[in-house]
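In what follows, a single structure is set out as structure tokens and then discussed.
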Amino acid sequence: MKCRKCGEKASVNMRQHKLALCRDHFLEWLPEQTERFIQKYSMFVRGDRILVAVSGGKDSLSLWDLLISLGYRADGLYLGLGIDGGIQYSDNSHRLARKFAEEKGLVLHVVDVEREYGEPIPVLADISRRGYGKPCAVCGLTKRHVMNRVARDLGYDVLATGHNLDDEAAVLFGNTLQWSGEYLLRQGPVLPGVPGMAKKVKPLCRFYEREMAAYAILRGIEYIYEECPYAAGSTSIYYKEVLNRMEHEHPGTKLNFYLRFLDARQRGLFSQHESMSPELHACTECGQPTSAPGLCSFCRMLRKATPAFEAVSE
Ligand code: SF4
Ligand code: ZN
């Protein structure tokens, strides 16, 4: 397979675009495309302060690398979840995020969940009994809360996450199987900000996971290879496998699925759900927007999990 641009040996073959590129041309193509998507979806402009949620994995570190290379002002935010799983998952991912930031002289904010809220994620999930055997629900709730809090408190214009097309297609697949109109309405490259809630963007949402892995490797980015130990057996991994089987037989399936969804949404396919969006109230504890008056789900979880937190905060 030869590079379409120079005829040298190709390093990356993207069957969905019928495009094979050598190392150098791939490393030129991917940032150009990222810039195109940032502009196409009006994610942010140069001079905006961007907060990148960094997990130590290939997608988030590559996103940070791309934004800096493209001349954007981007700082990182790492959340210490306190997950070990026999592979020191959190320690290793923190080490790699820190290493990346130090080597490039970038600002990395760190929030350690245990230090901040009394317990690490698996314990918070256990004692708040919201885990259903896995801490993912509590983990997701905590990540959303903390990322938004840091973005808001430190005055960032936008919060960027490293979701790639495989992630987005799997979420879309799940939401479509359930016909969750409300979630479908909110899924996309940009989630506009509302008072108290930062604007969220996903600049990598049109790149396949394997392209992001290729980018990280070709750029020499050291990232954590292991998935979070709690990810094993999740429905999103199952959906990814199903979609990959389809992709294998019909290259472009995942990309078409996602892009046609965005088109349909723009044409108003789910607009009836807009009028059903609940009115937002400020949480009486943390001030973040919530659909019901009183405490937001994160503060409710925290009260249940750490009565001491309740006593302290009252
Ligand atoms: Fe959190 Fe791990 Fe679950 Fe992901 S898989 S939501 S990082 S606990
Ligand atoms: Zn709250």
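Following the order of the structure tokens, first chain is A, next is B, and so on, with residues numbered from 1 inside each chain and ligands from 1 in the order they appear.
Environment of ligand 2, defined as every protein or nucleic acid residue with an atom within 10 Å of it and counting only C-alpha atoms and all ligand atoms, comprises A:His145, A:Ala282, A:Cys283, A:Thr284, A:Glu285, A:Cys286, A:Gly287, A:Gln288, A:Pro289, A:Thr290, A:Gly294, A:Leu295, A:Cys296, A:Ser297, A:Phe298, A:Cys299, A:Arg300, A:Met301, A:Leu302.
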Using DSSP on the backbone, list every residue of region 17-220 of chain A that comes out as strand (DSSP E), and give them as a PyMOL selection string. chain A and resi 19-21+49-54+73-80+108-112+158-160+190-191+199-201
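A straight line drawn from CA of Thr176 (chain A) to CA of Phe261 (chain A) is 9.9 Å long.
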May I ask you to write as a tab-separated table (two decimals) with N, CA, C and O atoms, in the first residue's frame all residues lying at most 7 Å from ligand 1, with only C-alpha atoms and all ligand atoms counted?
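What ended up in pocket-v2.tsv:
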```tsv
chain	number	residue	atom	x	y	z
A	135	PRO	N	-18.59	0.75	39.44
A	135	PRO	CA	-18.61	2.14	39.89
A	135	PRO	C	-18.87	3.14	38.76
A	135	PRO	O	-18.77	4.34	38.97
A	136	CYS	N	-19.19	2.66	37.56
A	136	CYS	CA	-19.23	3.56	36.39
A	136	CYS	C	-20.25	4.69	36.51
A	136	CYS	O	-19.98	5.81	36.07
A	137	ALA	N	-21.41	4.41	37.11
A	137	ALA	CA	-22.43	5.47	37.20
A	137	ALA	C	-21.90	6.60	38.09
A	137	ALA	O	-21.96	7.79	37.72
A	139	CYS	N	-18.79	7.16	38.84
A	139	CYS	CA	-17.59	7.71	38.18
A	139	CYS	C	-17.99	8.76	37.15
A	139	CYS	O	-17.44	9.87	37.13
A	140	GLY	N	-18.97	8.43	36.31
A	140	GLY	CA	-19.43	9.36	35.27
A	140	GLY	C	-19.99	10.64	35.90
A	140	GLY	O	-19.68	11.75	35.46
A	228	CYS	N	-9.48	1.00	31.79
A	228	CYS	CA	-9.86	0.94	33.19
A	228	CYS	C	-10.37	-0.47	33.47
A	228	CYS	O	-11.13	-1.03	32.68
A	229	PRO	N	-9.95	-1.08	34.60
A	229	PRO	CA	-10.35	-2.47	34.88
A	229	PRO	C	-11.87	-2.66	34.93
A	229	PRO	O	-12.36	-3.76	34.72
A	230	TYR	N	-12.61	-1.58	35.20
A	230	TYR	CA	-14.07	-1.72	35.27
A	230	TYR	C	-14.73	-1.67	33.89
A	230	TYR	O	-15.94	-1.85	33.78
A	231	ALA	N	-13.95	-1.37	32.87
A	231	ALA	CA	-14.55	-1.26	31.52
A	231	ALA	C	-14.89	-2.64	30.95
A	231	ALA	O	-15.80	-2.76	30.11
```
Can you tell me, as a ChimeraX atom specification, what residues are no more than 9 Å from Pro203 (chain A) when counting only C-alpha atoms, ignoring any on the same chain fewer than 6 positions away? /A:34-35,37-38,41,43,63,160-164,189-190
Mind the document's chain letters and residue numbers, and return as number ranges by chain the residues of region 71-104 of chain A that DSSP labels helix (DSSP H, G or I). A: 89-104
Just the selected residues (N, CA and C atoms), exported as a short mmCIF file (atom, residue, chain, number, x, y, z; two decimals), in the first residue's frame, please.
```cif
data_model
loop_
_atom_site.label_atom_id
_atom_site.label_comp_id
_atom_site.auth_asym_id
_atom_site.auth_seq_id
_atom_site.Cartn_x
_atom_site.Cartn_y
_atom_site.Cartn_z
N TYR A 89 -4.01 1.38 38.00
CA TYR A 89 -4.56 2.12 36.86
C TYR A 89 -4.46 3.63 37.05
N SER A 90 -4.96 4.11 38.21
CA SER A 90 -4.95 5.57 38.40
C SER A 90 -3.54 6.11 38.57
N ASP A 91 -2.71 5.39 39.32
CA ASP A 91 -1.33 5.88 39.52
C ASP A 91 -0.59 6.00 38.20
N ASN A 92 -0.73 4.95 37.37
CA ASN A 92 -0.02 4.97 36.09
C ASN A 92 -0.56 6.02 35.14
N SER A 93 -1.88 6.16 35.11
CA SER A 93 -2.42 7.15 34.17
C SER A 93 -2.05 8.56 34.63
N HIS A 94 -2.01 8.78 35.95
CA HIS A 94 -1.61 10.09 36.46
C HIS A 94 -0.15 10.38 36.09
N ARG A 95 0.69 9.37 36.28
CA ARG A 95 2.12 9.54 35.98
C ARG A 95 2.31 9.95 34.51
N LEU A 96 1.57 9.30 33.61
CA LEU A 96 1.75 9.59 32.18
C LEU A 96 1.20 10.96 31.80
N ALA A 97 0.10 11.33 32.42
CA ALA A 97 -0.47 12.66 32.14
C ALA A 97 0.51 13.74 32.62
N ARG A 98 1.08 13.50 33.83
CA ARG A 98 2.02 14.47 34.39
C ARG A 98 3.29 14.56 33.53
N LYS A 99 3.76 13.40 33.08
CA LYS A 99 4.98 13.37 32.27
C LYS A 99 4.77 14.19 30.98
N PHE A 100 3.63 13.96 30.35
CA PHE A 100 3.32 14.66 29.10
C PHE A 100 3.34 16.18 29.35
N ALA A 101 2.66 16.59 30.43
CA ALA A 101 2.55 18.03 30.73
C ALA A 101 3.94 18.61 31.03
N GLU A 102 4.72 17.88 31.84
CA GLU A 102 6.03 18.41 32.22
C GLU A 102 6.96 18.53 31.02
N GLU A 103 6.95 17.50 30.18
CA GLU A 103 7.84 17.53 29.02
C GLU A 103 7.53 18.69 28.08
N LYS A 104 6.26 19.06 28.03
CA LYS A 104 5.88 20.14 27.10
C LYS A 104 5.68 21.47 27.81
#
```
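Across the structure, CA of Thr306 (chain A) and CA of Glu114 (chain A) are spaced 11.2 Å apart.
Proximity of A:Arg245, A:Lys2, A:Val52, A:Asp59 to Ala214 (chain A), computed with only C-alpha atoms, is greatest for A:Asp59.
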Counting only C-alpha atoms, the residue of A:Gly220, A:Leu204, A:Asp84, A:Ile68 that sits nearest Gly105 (chain A): A:Ile68
Within 9 Å of Val12 (chain A) using only C-alpha atoms, minus same-chain residues under 2 positions, as a compact mmCIF listing (two decimals) with N, CA and C atoms, in the first residue's frame:
```txt
# COMPACT_ATOMS: atom_id res chain seq x y z
N CYS A 3 1.48 5.59 -0.08
CA CYS A 3 0.90 6.87 0.36
C CYS A 3 0.31 7.58 -0.85
N ALA A 10 2.92 3.33 2.72
CA ALA A 10 1.91 3.91 3.62
C ALA A 10 2.02 3.32 5.02
N MET A 14 -6.80 4.19 5.71
CA MET A 14 -8.14 4.50 6.21
C MET A 14 -9.15 4.10 5.15
N LEU A 19 -8.17 6.10 1.69
CA LEU A 19 -6.99 6.94 1.79
C LEU A 19 -5.90 6.25 2.60
N ALA A 20 -4.73 6.05 1.96
CA ALA A 20 -3.57 5.51 2.69
C ALA A 20 -2.50 6.59 2.70
N LEU A 21 -1.84 6.76 3.85
CA LEU A 21 -0.83 7.81 3.97
C LEU A 21 0.43 7.30 4.67
N CYS A 22 1.56 7.86 4.30
CA CYS A 22 2.81 7.55 5.01
C CYS A 22 2.80 8.29 6.34
N ARG A 23 3.79 8.03 7.16
CA ARG A 23 3.87 8.64 8.49
C ARG A 23 3.75 10.17 8.41
N PHE A 26 0.41 11.42 7.14
CA PHE A 26 -0.67 11.19 8.11
C PHE A 26 -0.58 12.24 9.23
N GLU A 211 -7.07 5.38 14.25
CA GLU A 211 -6.32 6.54 13.77
C GLU A 211 -5.70 7.30 14.94
N ALA A 214 -2.75 5.39 16.08
CA ALA A 214 -1.63 5.60 15.15
C ALA A 214 -1.00 6.97 15.40
```
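Reported to one decimal place, the separation of CA of Ala170 (chain A) from CA of Val242 (chain A) is 9.1 Å.
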